[in-house]
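Data block below; observations after.
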Amino acid sequence: SSSSAASDVYKRQAYLKANYPVEFMAAVLSYEVNNTDKIANFVSECQRMGIPILPPDVNRSALKFSPERTKAGSEAPDAIRYGLSAIKNVGEGAVQAAMDDRQRNGAFKTIEDFAGRLDTRSVNRKMLESLVKAGAFDFSREDRAAMFSRLDQVLSSAASMQRDRKSGQGGLFDDFDLGAKPKASASQPAVAPWSMDEVLVFEKELLGFYVSGHPLDKFRGNFESTKLTELSALE
């Protein structure tokens, strides 16, 4: 009957959740990859279960949510890496193209390297904006606001390189280091970093939860004051 079949499904799900919690929750999150609100709910469940959710990273993330080992010597995954296609405004086609290139040519060095190696039909400004705001290029150790401020330059350089490659002139740029970190100049003034509040707003908007902290962190000292009584202590 349908009721017994449903019961069997629930039993299998309960077994997987109890015995393979990281893999199970990664699969659940991946199923809802296009629903940021549901992702936020499942992320909360992961946190309740003690499963860390690792931030998106163009060099580590898969298309969807993936189990990852963070402890040396561990055989079982202990965390879940945020999937790139789960970021708002980042399409699966573009992510798949990026992962294919990463597999063939190695890790991306900078945002310039990322944009220059992919077809401009796959990479557009909206996608790069979302990846920067979500922290997917933090591995480069460049400030998010600085990267965001020069996206037009990044896209223009990438388009120029691809035109040269198509016309057979790519060899002229073989020695050009796309991985080099850009330096500030008179035409490229230093950019003030985003405030923590701005960073958190962007993360919440694009990922469904906060990665770099929490808006209430700045009030933590007040919450921990001995002058306050926790609700659980009230009768």
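Just so we're on the same page: first chain in the structure tokens is A, next is B, and so on; residues restart at 1 for each chain, and ligands are numbered from 1 in the order they show up.
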task = Name the residues of segment 93-184 of chain A that come out as alpha helix (DSSP H) in a backbone DSSP run; write them as a ChimeraX atom specification.
result = /A:93-105,111-117,125-133,144-149,151-166
| said: Excluding Ser212 of chain A and its own-chain neighbours fewer than 4 positions away, which residues fall within 12 Å of it when counting only C-alpha atoms? Please give them as a ChimeraX atom specification. | reply: /A:53-56,133-135,138,195-204,207,217
Quick one: residues within 8 Å of segment 148-151 of chain A, only C-alpha atoms counted, chain neighbours fewer than 3 positions away excluded, as a PyMOL selection string? chain A and resi 125+128-129+132-133+144-145+154-155+191
Open item on the list: What does the structure give for the distance between atom CA of Leu63 of chain A and atom CA of Gly83 of chain A, in Å to one decimal?
Closed with: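 Pair atom CA of Leu63 of chain A / atom CA of Gly83 of chain A returns 5.3 Å.
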| Among segment 59-221 of chain A, which residues carry a DSSP assignment of strand (DSSP E), reported as a list in words? | Ser66, Pro67, Glu68, Ala79, Ile80 and Arg81 of chain A
For Thr70 of chain A, list every protein, DNA or RNA residue within 12 Å, evaluated using only C-alpha atoms, and leave out those in the same chain fewer than 3 positions away; present the list as a PyMOL selection string.
chain A and resi 51-54+60+67+73-81
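Between atom CA of Phe108 of chain A and atom CA of Val58 of chain A the interatomic distance comes to 7.5 Å.
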Counting only C-alpha atoms, what is within 8 Å of Leu131 of chain A, bar same-chain residues fewer than 6 positions away, as a ChimeraX atom specification? /A:87,90,137
Judged by only C-alpha atoms, the minimum distance to Ala159 of chain A among A:Lys126, A:Trp194, A:Ala146, A:Arg121 is found for A:Arg121
Restricting to only C-alpha atoms, whichever of A:Met127, A:Gln13, A:Met25, A:Ala107 is closest to Val43 of chain A is A:Met25
